[in-house]
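Peer 1: File name target.cif; file contents mmCIF, C-alpha atoms; full text below.
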data_data
#
loop_
_atom_site.label_atom_id
_atom_site.label_comp_id
_atom_site.auth_asym_id
_atom_site.auth_seq_id
_atom_site.Cartn_x
_atom_site.Cartn_y
_atom_site.Cartn_z
CA MET B 1 -120.46 -86.51 -55.27
CA ILE B 2 -122.68 -88.74 -57.44
CA PHE B 3 -123.71 -85.77 -59.57
CA SER B 4 -120.10 -84.53 -59.78
CA THR B 5 -118.79 -87.95 -60.84
CA LEU B 6 -121.63 -88.34 -63.34
CA SER B 7 -120.95 -84.88 -64.77
CA LEU B 8 -117.28 -85.68 -65.27
CA TYR B 9 -118.22 -88.99 -66.90
CA ILE B 10 -120.63 -87.29 -69.31
CA ALA B 11 -118.08 -84.57 -70.03
CA ARG B 12 -115.38 -87.13 -70.92
CA LYS B 13 -117.73 -89.02 -73.23
CA PHE B 14 -118.85 -85.82 -74.93
CA ILE B 15 -115.27 -84.60 -75.47
CA PHE B 16 -114.33 -87.98 -76.98
CA TRP B 17 -117.24 -87.95 -79.42
CA PHE B 18 -116.70 -84.25 -80.18
CA ILE B 19 -113.09 -84.90 -81.21
CA SER B 20 -114.07 -88.03 -83.16
CA THR B 21 -116.85 -86.20 -85.03
CA LEU B 22 -114.52 -83.26 -85.69
CA LEU B 23 -111.88 -85.50 -87.26
CA VAL B 24 -114.37 -87.43 -89.40
CA LEU B 25 -116.18 -84.35 -90.73
CA SER B 26 -112.88 -82.55 -91.31
CA ALA B 27 -111.60 -85.44 -93.41
CA LEU B 28 -114.84 -85.62 -95.43
CA LEU B 29 -114.89 -81.86 -96.05
CA SER B 30 -111.25 -81.88 -97.14
CA VAL B 31 -111.92 -84.67 -99.64
CA PHE B 32 -114.96 -82.90 -101.11
CA ASP B 33 -113.08 -79.60 -101.27
CA MET B 34 -110.11 -81.22 -103.01
CA VAL B 35 -112.40 -82.80 -105.62
CA GLU B 36 -114.01 -79.41 -106.29
CA LEU B 37 -110.63 -77.66 -106.59
CA LEU B 38 -109.35 -80.37 -108.93
CA ARG B 39 -112.42 -79.84 -111.10
CA ARG B 40 -111.86 -76.09 -111.22
CA ALA B 41 -108.17 -76.55 -111.99
CA SER B 42 -108.77 -79.18 -114.70
CA ASN B 43 -108.33 -76.67 -117.55
CA LYS B 44 -105.59 -74.66 -115.83
CA ASP B 45 -101.93 -75.40 -115.33
CA VAL B 46 -102.01 -75.87 -111.55
CA ASP B 47 -99.75 -78.37 -109.80
CA ILE B 48 -101.29 -80.89 -107.39
CA SER B 49 -99.09 -79.52 -104.58
CA ILE B 50 -100.81 -76.13 -104.98
CA ILE B 51 -104.21 -77.82 -104.72
CA LEU B 52 -103.16 -79.59 -101.52
CA GLN B 53 -101.94 -76.30 -100.05
CA MET B 54 -105.27 -74.67 -100.91
CA VAL B 55 -107.19 -77.53 -99.27
CA ALA B 56 -105.08 -77.20 -96.11
CA ALA B 57 -105.56 -73.42 -96.07
CA LYS B 58 -109.34 -73.63 -96.45
CA SER B 59 -109.89 -76.50 -93.97
CA PRO B 60 -109.94 -74.35 -90.78
CA TYR B 61 -112.67 -72.15 -92.27
CA LEU B 62 -114.74 -75.19 -93.31
CA ILE B 63 -114.36 -76.70 -89.84
CA GLN B 64 -115.50 -73.42 -88.28
CA GLU B 65 -118.59 -73.38 -90.50
CA VAL B 66 -119.69 -76.92 -89.53
CA PHE B 67 -119.02 -76.51 -85.80
CA PRO B 68 -122.78 -76.41 -85.02
CA PHE B 69 -123.27 -79.81 -86.69
CA ILE B 70 -120.22 -81.25 -84.95
CA ILE B 71 -121.80 -80.25 -81.62
CA LEU B 72 -125.19 -81.62 -82.72
CA PHE B 73 -123.82 -85.02 -83.79
CA ALA B 74 -121.47 -85.33 -80.79
CA THR B 75 -124.32 -84.61 -78.36
CA MET B 76 -126.70 -87.07 -80.02
CA ILE B 77 -124.06 -89.82 -80.09
CA THR B 78 -123.09 -89.21 -76.46
CA PHE B 79 -126.63 -89.33 -75.06
CA GLY B 80 -127.75 -91.93 -77.58
CA LYS B 81 -125.10 -94.42 -76.47
CA MET B 82 -125.82 -93.70 -72.82
CA ALA B 83 -129.52 -94.33 -73.48
CA LYS B 84 -128.86 -97.62 -75.29
CA SER B 85 -126.68 -98.88 -72.46
CA SER B 86 -129.42 -97.86 -69.96
CA GLU B 87 -127.04 -95.44 -68.21
CA LEU B 88 -129.50 -92.59 -68.60
CA ILE B 89 -132.34 -94.73 -67.23
CA ILE B 90 -130.27 -95.59 -64.14
CA ALA B 91 -129.26 -91.95 -63.64
CA ARG B 92 -132.86 -90.80 -63.96
CA ALA B 93 -133.99 -93.50 -61.49
CA ALA B 94 -131.38 -92.20 -59.03
CA GLY B 95 -133.03 -88.79 -59.12
CA VAL B 96 -130.74 -87.03 -61.61
CA SER B 97 -132.67 -84.42 -63.59
CA ALA B 98 -132.32 -83.80 -67.31
CA TRP B 99 -130.73 -80.43 -66.55
CA GLN B 100 -127.98 -82.08 -64.51
CA ILE B 101 -127.30 -84.44 -67.42
CA ILE B 102 -127.19 -81.62 -69.98
CA PHE B 103 -125.26 -79.16 -67.79
CA PRO B 104 -121.69 -80.50 -68.35
CA VAL B 105 -122.26 -80.61 -72.11
CA ILE B 106 -123.54 -77.02 -72.07
CA ILE B 107 -120.47 -75.84 -70.13
CA ILE B 108 -118.06 -77.57 -72.53
CA THR B 109 -120.00 -76.24 -75.53
CA LEU B 110 -119.86 -72.66 -74.23
CA THR B 111 -116.11 -73.07 -73.72
CA ILE B 112 -115.71 -74.39 -77.26
CA GLY B 113 -117.79 -71.51 -78.64
CA ILE B 114 -115.71 -68.88 -76.82
CA PHE B 115 -112.49 -70.59 -77.93
CA GLN B 116 -113.75 -70.66 -81.50
CA ILE B 117 -114.41 -66.92 -81.80
CA THR B 118 -111.42 -65.71 -79.74
CA ALA B 119 -108.61 -68.13 -80.68
CA PHE B 120 -109.60 -70.37 -83.58
CA SER B 121 -111.16 -67.53 -85.59
CA PRO B 122 -107.85 -65.57 -85.99
CA PHE B 123 -106.08 -68.73 -87.19
CA SER B 124 -108.94 -69.50 -89.56
CA SER B 125 -108.90 -65.95 -90.96
CA ILE B 126 -105.16 -66.09 -91.68
CA MET B 127 -105.53 -69.40 -93.52
CA ARG B 128 -108.67 -68.21 -95.37
CA THR B 129 -106.81 -65.10 -96.58
CA LYS B 130 -103.98 -67.31 -97.81
CA TYR B 131 -106.51 -69.50 -99.61
CA GLU B 132 -108.22 -66.52 -101.26
CA ASN B 133 -104.88 -65.16 -102.46
CA MET B 134 -103.97 -68.52 -103.97
CA GLU B 135 -107.43 -68.84 -105.51
CA ASP B 136 -107.11 -65.42 -107.15
CA LYS B 137 -103.61 -66.23 -108.40
CA TYR B 138 -104.04 -69.77 -109.71
CA LEU B 139 -107.76 -70.21 -110.44
CA ASN B 140 -109.40 -66.84 -110.97
CA HIS B 141 -106.40 -64.87 -112.26
CA ASN B 142 -107.91 -61.85 -110.57
CA ASN B 143 -105.64 -58.79 -110.52
CA ASN B 144 -108.17 -56.42 -108.93
CA ARG B 145 -107.80 -55.99 -105.20
CA LEU B 146 -109.23 -53.40 -102.84
CA ALA B 147 -107.85 -52.49 -99.44
CA VAL B 148 -109.17 -49.97 -96.93
CA SER B 149 -106.87 -48.65 -94.22
CA PRO B 150 -106.53 -45.53 -92.03
CA THR B 151 -104.43 -43.98 -94.85
CA GLY B 152 -107.34 -44.29 -97.31
CA ILE B 153 -108.57 -46.59 -100.05
CA TRP B 154 -106.14 -48.54 -102.23
CA LEU B 155 -107.36 -50.20 -105.41
CA ARG B 156 -105.30 -52.12 -107.95
CA GLN B 157 -106.43 -52.74 -111.52
CA GLN B 158 -105.04 -53.65 -114.94
CA HIS B 159 -103.78 -50.94 -117.29
CA PRO B 160 -102.61 -51.06 -120.95
CA LEU B 161 -99.07 -50.22 -119.75
CA GLY B 162 -99.18 -52.70 -116.89
CA LYS B 163 -100.97 -51.85 -113.65
CA ALA B 164 -102.74 -48.86 -112.12
CA VAL B 165 -102.78 -48.30 -108.36
CA ILE B 166 -105.56 -45.96 -107.25
CA HIS B 167 -105.41 -44.21 -103.89
CA ALA B 168 -108.30 -42.14 -102.52
CA LEU B 169 -108.95 -40.54 -99.16
CA ALA B 170 -112.70 -41.22 -99.27
CA SER B 171 -115.43 -42.63 -101.48
CA GLU B 172 -119.14 -42.42 -102.17
CA ASN B 173 -121.72 -44.77 -103.64
CA ASN B 174 -119.82 -47.86 -102.46
CA GLY B 175 -116.60 -46.99 -104.24
CA GLU B 176 -117.99 -45.74 -107.56
CA ILE B 177 -116.98 -42.16 -106.71
CA MET B 178 -113.45 -41.65 -105.37
CA LYS B 179 -112.42 -38.44 -103.62
CA ASN B 180 -108.93 -36.84 -103.50
CA VAL B 181 -107.47 -39.34 -105.93
CA ASN B 182 -103.85 -40.23 -106.74
CA ILE B 183 -103.34 -42.81 -109.49
CA PHE B 184 -99.94 -44.42 -110.09
CA ILE B 185 -99.31 -46.08 -113.47
CA LEU B 186 -96.70 -48.86 -113.39
CA ASP B 187 -95.40 -51.11 -116.13
CA ASN B 188 -95.30 -54.90 -115.90
CA ASN B 189 -91.96 -54.68 -114.08
CA HIS B 190 -93.53 -52.35 -111.46
CA ILE B 191 -91.54 -49.36 -112.74
CA PHE B 192 -93.19 -45.94 -112.35
CA GLN B 193 -94.53 -44.48 -115.61
CA SER B 194 -96.85 -41.65 -114.60
CA ARG B 195 -99.08 -40.23 -111.90
CA ILE B 196 -102.56 -38.70 -112.05
CA ASP B 197 -103.88 -36.36 -109.34
CA ALA B 198 -107.47 -35.14 -109.12
CA GLU B 199 -110.16 -34.20 -106.64
CA GLU B 200 -112.63 -36.78 -107.95
CA ALA B 201 -112.83 -39.89 -110.11
CA ILE B 202 -116.22 -41.29 -111.17
CA LEU B 203 -116.62 -44.87 -112.37
CA LYS B 204 -118.38 -45.09 -115.74
CA PRO B 205 -118.97 -48.18 -117.92
CA GLY B 206 -115.46 -49.10 -119.12
CA PHE B 207 -113.51 -46.15 -117.68
CA TRP B 208 -112.85 -43.80 -114.78
CA GLU B 209 -113.87 -40.23 -115.57
CA ILE B 210 -111.33 -37.94 -113.91
CA LYS B 211 -112.06 -34.21 -113.97
CA ASN B 212 -109.38 -31.50 -113.78
CA ALA B 213 -106.61 -34.09 -113.74
CA LYS B 214 -102.93 -33.29 -113.35
CA LEU B 215 -100.66 -35.76 -115.17
CA LEU B 216 -97.06 -36.16 -114.06
CA ASP B 217 -94.88 -38.37 -116.30
CA ASN B 218 -91.67 -40.18 -115.36
CA LYS B 219 -89.59 -37.23 -116.64
CA GLY B 220 -91.22 -34.74 -114.31
CA PHE B 221 -93.43 -32.91 -116.83
CA VAL B 222 -96.90 -31.87 -115.61
CA THR B 223 -99.92 -31.69 -117.91
CA GLU B 224 -103.39 -30.50 -116.93
CA VAL B 225 -106.38 -32.24 -118.57
CA GLU B 226 -109.96 -31.09 -118.08
CA ILE B 227 -111.40 -34.61 -118.43
CA TYR B 228 -109.17 -37.67 -118.42
CA ARG B 229 -110.51 -41.17 -119.01
CA LEU B 230 -108.67 -44.11 -117.47
CA ALA B 231 -109.70 -47.44 -119.01
CA THR B 232 -110.95 -50.05 -116.55
CA SER B 233 -112.84 -53.31 -116.46
CA LEU B 234 -114.13 -52.59 -112.97
CA THR B 235 -117.79 -52.22 -112.02
CA GLY B 236 -119.42 -51.31 -108.73
CA ASP B 237 -120.00 -54.98 -107.93
CA LYS B 238 -116.40 -55.89 -108.76
CA ILE B 239 -115.11 -53.17 -106.45
CA ASN B 240 -117.16 -54.49 -103.53
CA ASN B 241 -116.19 -58.07 -104.36
CA SER B 242 -112.52 -57.04 -104.31
CA PHE B 243 -112.67 -56.76 -100.53
CA SER B 244 -111.37 -59.58 -98.45
CA SER B 245 -114.58 -61.43 -97.60
CA ALA B 246 -116.05 -60.90 -94.14
CA ASP B 247 -115.64 -64.63 -93.56
CA SER B 248 -111.86 -64.28 -93.85
CA LEU B 249 -111.67 -61.77 -90.99
CA SER B 250 -111.24 -62.67 -87.35
CA PHE B 251 -113.38 -61.56 -84.44
CA TRP B 252 -110.66 -59.11 -83.37
CA GLN B 253 -110.26 -57.52 -86.84
CA LEU B 254 -113.91 -56.82 -87.60
CA PRO B 255 -114.70 -53.86 -85.26
CA GLU B 256 -111.76 -51.77 -86.48
CA LEU B 257 -112.42 -52.62 -90.12
CA ILE B 258 -116.11 -51.72 -89.77
CA ASN B 259 -115.18 -48.27 -88.45
CA THR B 260 -112.64 -47.77 -91.25
CA LEU B 261 -115.11 -48.83 -93.95
CA GLU B 262 -117.82 -46.53 -92.59
CA GLU B 263 -115.40 -43.60 -92.58
CA ALA B 264 -114.42 -44.44 -96.18
CA GLY B 265 -118.07 -44.46 -97.29
CA PHE B 266 -118.61 -48.18 -97.87
CA ASN B 267 -121.57 -50.30 -96.82
CA THR B 268 -120.70 -52.39 -93.74
CA ASP B 269 -123.87 -54.44 -93.31
CA ASN B 270 -122.16 -57.70 -94.29
CA HIS B 271 -119.27 -57.14 -91.88
CA ARG B 272 -121.52 -56.07 -89.00
CA LEU B 273 -123.69 -59.13 -89.55
CA ARG B 274 -120.59 -61.35 -89.48
CA LEU B 275 -119.48 -59.77 -86.20
CA HIS B 276 -122.85 -60.40 -84.50
CA VAL B 277 -123.02 -63.93 -85.91
CA MET B 278 -119.64 -64.65 -84.33
CA LEU B 279 -120.77 -63.15 -81.02
CA ALA B 280 -123.84 -65.40 -81.13
CA THR B 281 -121.82 -68.55 -81.91
CA PRO B 282 -121.69 -69.90 -78.31
CA LEU B 283 -125.48 -69.51 -78.05
CA LEU B 284 -125.96 -71.26 -81.41
CA LEU B 285 -123.86 -74.20 -80.23
CA CYS B 286 -125.92 -74.40 -77.03
CA ALA B 287 -129.09 -74.41 -79.14
CA MET B 288 -127.72 -77.45 -80.98
CA VAL B 289 -127.10 -79.18 -77.63
CA LEU B 290 -130.70 -78.53 -76.54
CA ILE B 291 -132.08 -79.82 -79.85
CA ALA B 292 -130.00 -82.98 -79.61
CA SER B 293 -130.98 -83.48 -75.96
CA VAL B 294 -134.71 -83.30 -76.71
CA PHE B 295 -134.38 -86.22 -79.15
CA SER B 296 -131.86 -88.34 -77.27
CA ILE B 297 -132.58 -88.13 -73.51
CA GLY B 298 -136.34 -88.48 -73.46
CA SER B 299 -136.49 -92.26 -73.51
CA ASN B 300 -134.55 -95.34 -74.45
CA LEU B 301 -133.43 -95.04 -78.06
CA ARG B 302 -134.06 -98.74 -78.67
CA SER B 303 -137.61 -97.79 -79.59
CA HIS B 304 -137.96 -95.78 -82.80
CA SER B 305 -134.27 -94.82 -82.58
CA PHE B 306 -133.95 -94.13 -86.32
CA TYR B 307 -136.82 -91.63 -86.29
CA LYS B 308 -135.47 -89.84 -83.22
CA ILE B 309 -132.00 -89.50 -84.71
CA LEU B 310 -133.49 -88.35 -88.01
CA GLY B 311 -135.72 -85.86 -86.18
CA GLY B 312 -132.77 -84.36 -84.28
CA ILE B 313 -130.67 -84.01 -87.43
CA PHE B 314 -133.62 -82.53 -89.32
CA CYS B 315 -134.28 -79.92 -86.62
CA GLY B 316 -130.59 -79.01 -86.55
CA PHE B 317 -130.55 -78.47 -90.31
CA VAL B 318 -133.79 -76.45 -90.12
CA LEU B 319 -132.21 -74.18 -87.49
CA TYR B 320 -129.09 -73.72 -89.62
CA LEU B 321 -131.13 -73.04 -92.76
CA ALA B 322 -133.52 -70.65 -91.00
CA THR B 323 -130.56 -68.77 -89.54
CA ASN B 324 -129.01 -68.27 -92.99
CA VAL B 325 -132.37 -67.23 -94.47
CA VAL B 326 -132.89 -64.59 -91.78
CA HIS B 327 -129.32 -63.37 -92.33
CA ALA B 328 -130.03 -62.96 -96.05
CA ILE B 329 -133.27 -61.12 -95.27
CA GLY B 330 -131.38 -58.81 -92.92
CA LEU B 331 -128.89 -57.90 -95.67
CA ALA B 332 -131.55 -57.48 -98.36
CA THR B 333 -134.16 -55.53 -96.37
CA ASN B 334 -134.39 -52.95 -93.60
CA LEU B 335 -134.38 -55.59 -90.86
CA PRO B 336 -131.82 -54.46 -88.24
CA ILE B 337 -128.60 -56.46 -88.45
CA ILE B 338 -128.63 -57.22 -84.72
CA LEU B 339 -132.10 -58.75 -84.93
CA ALA B 340 -131.15 -60.75 -88.05
CA ALA B 341 -128.17 -62.23 -86.21
CA TRP B 342 -129.76 -62.97 -82.84
CA ILE B 343 -133.48 -63.72 -83.41
CA PRO B 344 -133.18 -67.25 -84.95
CA ILE B 345 -130.72 -68.40 -82.32
CA GLY B 346 -132.63 -66.85 -79.42
CA VAL B 347 -135.91 -68.41 -80.57
CA SER B 348 -134.23 -71.82 -80.97
CA VAL B 349 -132.76 -71.70 -77.47
CA LEU B 350 -136.13 -70.73 -75.97
CA LEU B 351 -137.91 -73.53 -77.85
CA GLY B 352 -135.31 -76.06 -76.69
CA ILE B 353 -135.60 -74.94 -73.08
CA SER B 354 -139.40 -75.03 -73.28
CA ALA B 355 -139.37 -78.57 -74.72
CA ILE B 356 -137.10 -79.85 -71.97
CA LEU B 357 -139.09 -78.06 -69.27
CA HIS B 358 -142.33 -79.57 -70.57
CA TRP B 359 -140.80 -83.04 -70.76
CA GLU B 360 -138.98 -82.80 -67.39
CA ASP B 361 -141.47 -80.91 -65.24
CA GLY B 362 -144.75 -81.59 -67.07
#
Can you turn what I pasted into structure tokens?
Peer 2:
Amino acid sequence: MIFSTLSLYIARKFIFWFISTLLVLSALLSVFDMVELLRRASNKDVDISIILQMVAAKSPYLIQEVFPFIILFATMITFGKMAKSSELIIARAAGVSAWQIIFPVIIITLTIGIFQITAFSPFSSIMRTKYENMEDKYLNHNNNRLAVSPTGIWLRQQHPLGKAVIHALASENNGEIMKNVNIFILDNNHIFQSRIDAEEAILKPGFWEIKNAKLLDNKGFVTEVEIYRLATSLTGDKINNSFSSADSLSFWQLPELINTLEEAGFNTDNHRLRLHVMLATPLLLCAMVLIASVFSIGSNLRSHSFYKILGGIFCGFVLYLATNVVHAIGLATNLPIILAAWIPIGVSVLLGISAILHWEDG
């Protein structure tokens, strides 16, 4: 009963500080993001209401990205205040182990992590997509957009007459070679002007080279051209960057999209890494709890409290930085994506458990 009551008490305190930290960091991130958007929009005719909508649309994604630090700070504040008020000393004197103190926080953190990837992630992805669309429209003025679906690849680009919509059933070389191509030329009022059909379109500097093209105009006349060149400002990098970013996709969308992209001939390393990172999120949050516990439960924080708090924050940032570095190495080298996603977090959890075992059991 004592342990149960103590666990509930610790859980309530942790939830309170988690919500408080979440609100404070969310407000700070929104302010910084608004300042950055105002700077980018300073030389563009963008109304302040649009900026506020973009800030609101991006906030869920920013919150999701700083969840590990929210857990880290909430855990350190919870145990730090209990240490300063001697509650931890009394609990330890009553025979409560460090694991019993950490256990309720771990359970809540796992629940938060599962909720984040299964429920909060879809909401965040919807809002992030809305933000990216507004960013392209008002700040970047980007008219190139790539979509991959079971019906094939759809790519939109600018054309001297208006717009060109390219449809292909498959691709090679990350979109620089399109197979079984249909190109629709529309004017600025989205009225059909002509259509180009071909077996292959190859991206060259400044144009698409289309061999054995059949041109159908808006009057129904068909013309065959051995080599047709369609002007474009696209490059291989721009085509890949025209995807909706992996960060804007939810946990439920990624597996299907990965299969579709692989069938279409695109590289899926970034999307597969994002999927495994999301799967590892609950474990990452638990690693943050263990790091915070090592620096806040060991002894009364009245002595050298500043250095202990600084040490916990520093270790949390090192874990976050090391995780991102390993992710980048996984994308840039032959390191398997699964290892790149799971190794930093797994090592951090093992180190945290080892530190607490050494401190608790000697």
Peer 1: Evaluate the PyMOL selection byres ((chain B and resi 8) around 12) and record the selected residues as an NGL selection string, following the chain and residue labels used in the document.
Peer 2: :B and (1-7 or 9-15 or 100-105 or 107-108)
Peer 1: Output C-alpha atoms of each residue in that selection to a file, as a CSV table (one decimal), keeping the file's coordinate frame.
Peer 2:
chain,number,residue,atom,x,y,z
B,1,MET,CA,-120.5,-86.5,-55.3
B,2,ILE,CA,-122.7,-88.7,-57.4
B,3,PHE,CA,-123.7,-85.8,-59.6
B,4,SER,CA,-120.1,-84.5,-59.8
B,5,THR,CA,-118.8,-88.0,-60.8
B,6,LEU,CA,-121.6,-88.3,-63.3
B,7,SER,CA,-121.0,-84.9,-64.8
B,9,TYR,CA,-118.2,-89.0,-66.9
B,10,ILE,CA,-120.6,-87.3,-69.3
B,11,ALA,CA,-118.1,-84.6,-70.0
B,12,ARG,CA,-115.4,-87.1,-70.9
B,13,LYS,CA,-117.7,-89.0,-73.2
B,14,PHE,CA,-118.8,-85.8,-74.9
B,15,ILE,CA,-115.3,-84.6,-75.5
B,100,GLN,CA,-128.0,-82.1,-64.5
B,101,ILE,CA,-127.3,-84.4,-67.4
B,102,ILE,CA,-127.2,-81.6,-70.0
B,103,PHE,CA,-125.3,-79.2,-67.8
B,104,PRO,CA,-121.7,-80.5,-68.4
B,105,VAL,CA,-122.3,-80.6,-72.1
B,107,ILE,CA,-120.5,-75.8,-70.1
B,108,ILE,CA,-118.1,-77.6,-72.5
Peer 1: Calculate how many Å separate CA of Tyr307 in chain B from CA of Thr281 in chain B, rounding to one decimal.
Peer 2: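 About the pair CA of Tyr307 in chain B and CA of Thr281 in chain B: they are 27.9 Å apart.
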Peer 1: Just give me the gap between CA of Leu284 in chain B and CA of Cys315 in chain B in Å, one decimal is fine.
Peer 2: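 One can read the CA of Leu284 in chain B to CA of Cys315 in chain B distance as 13.1 Å.
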Peer 1: Using only C-alpha atoms, which residue out of B:Ile112, B:Val96, B:Leu249, B:Val165 lies closest to Arg128 in chain B?
Peer 2: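 When distances to Arg128 in chain B are compared using only C-alpha atoms, the smallest one comes from B:Leu249.
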Peer 1: Which residues come within 12 Å of Ile210 in chain B, counting all atoms listed in the file, excluding same-chain residues fewer than 2 positions away, as a PyMOL selection string?
Peer 2: chain B and resi 166+177-183+196-204+207-208+212-215+224-231
Peer 1: Nearest residue to Pro122 in chain B out of B:Ile19, B:Ala164, B:Leu254, B:Leu72, using all atoms listed in the file?
Peer 2: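 Of the candidates, the smallest distance to Pro122 in chain B is held by B:Leu254.
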Peer 1: Can you measure CA of Leu37 in chain B to CA of Ala246 in chain B for me? One decimal in Å is fine.
Peer 2: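 Computing the Euclidean distance for CA of Leu37 in chain B and CA of Ala246 in chain B yields 21.6 Å.
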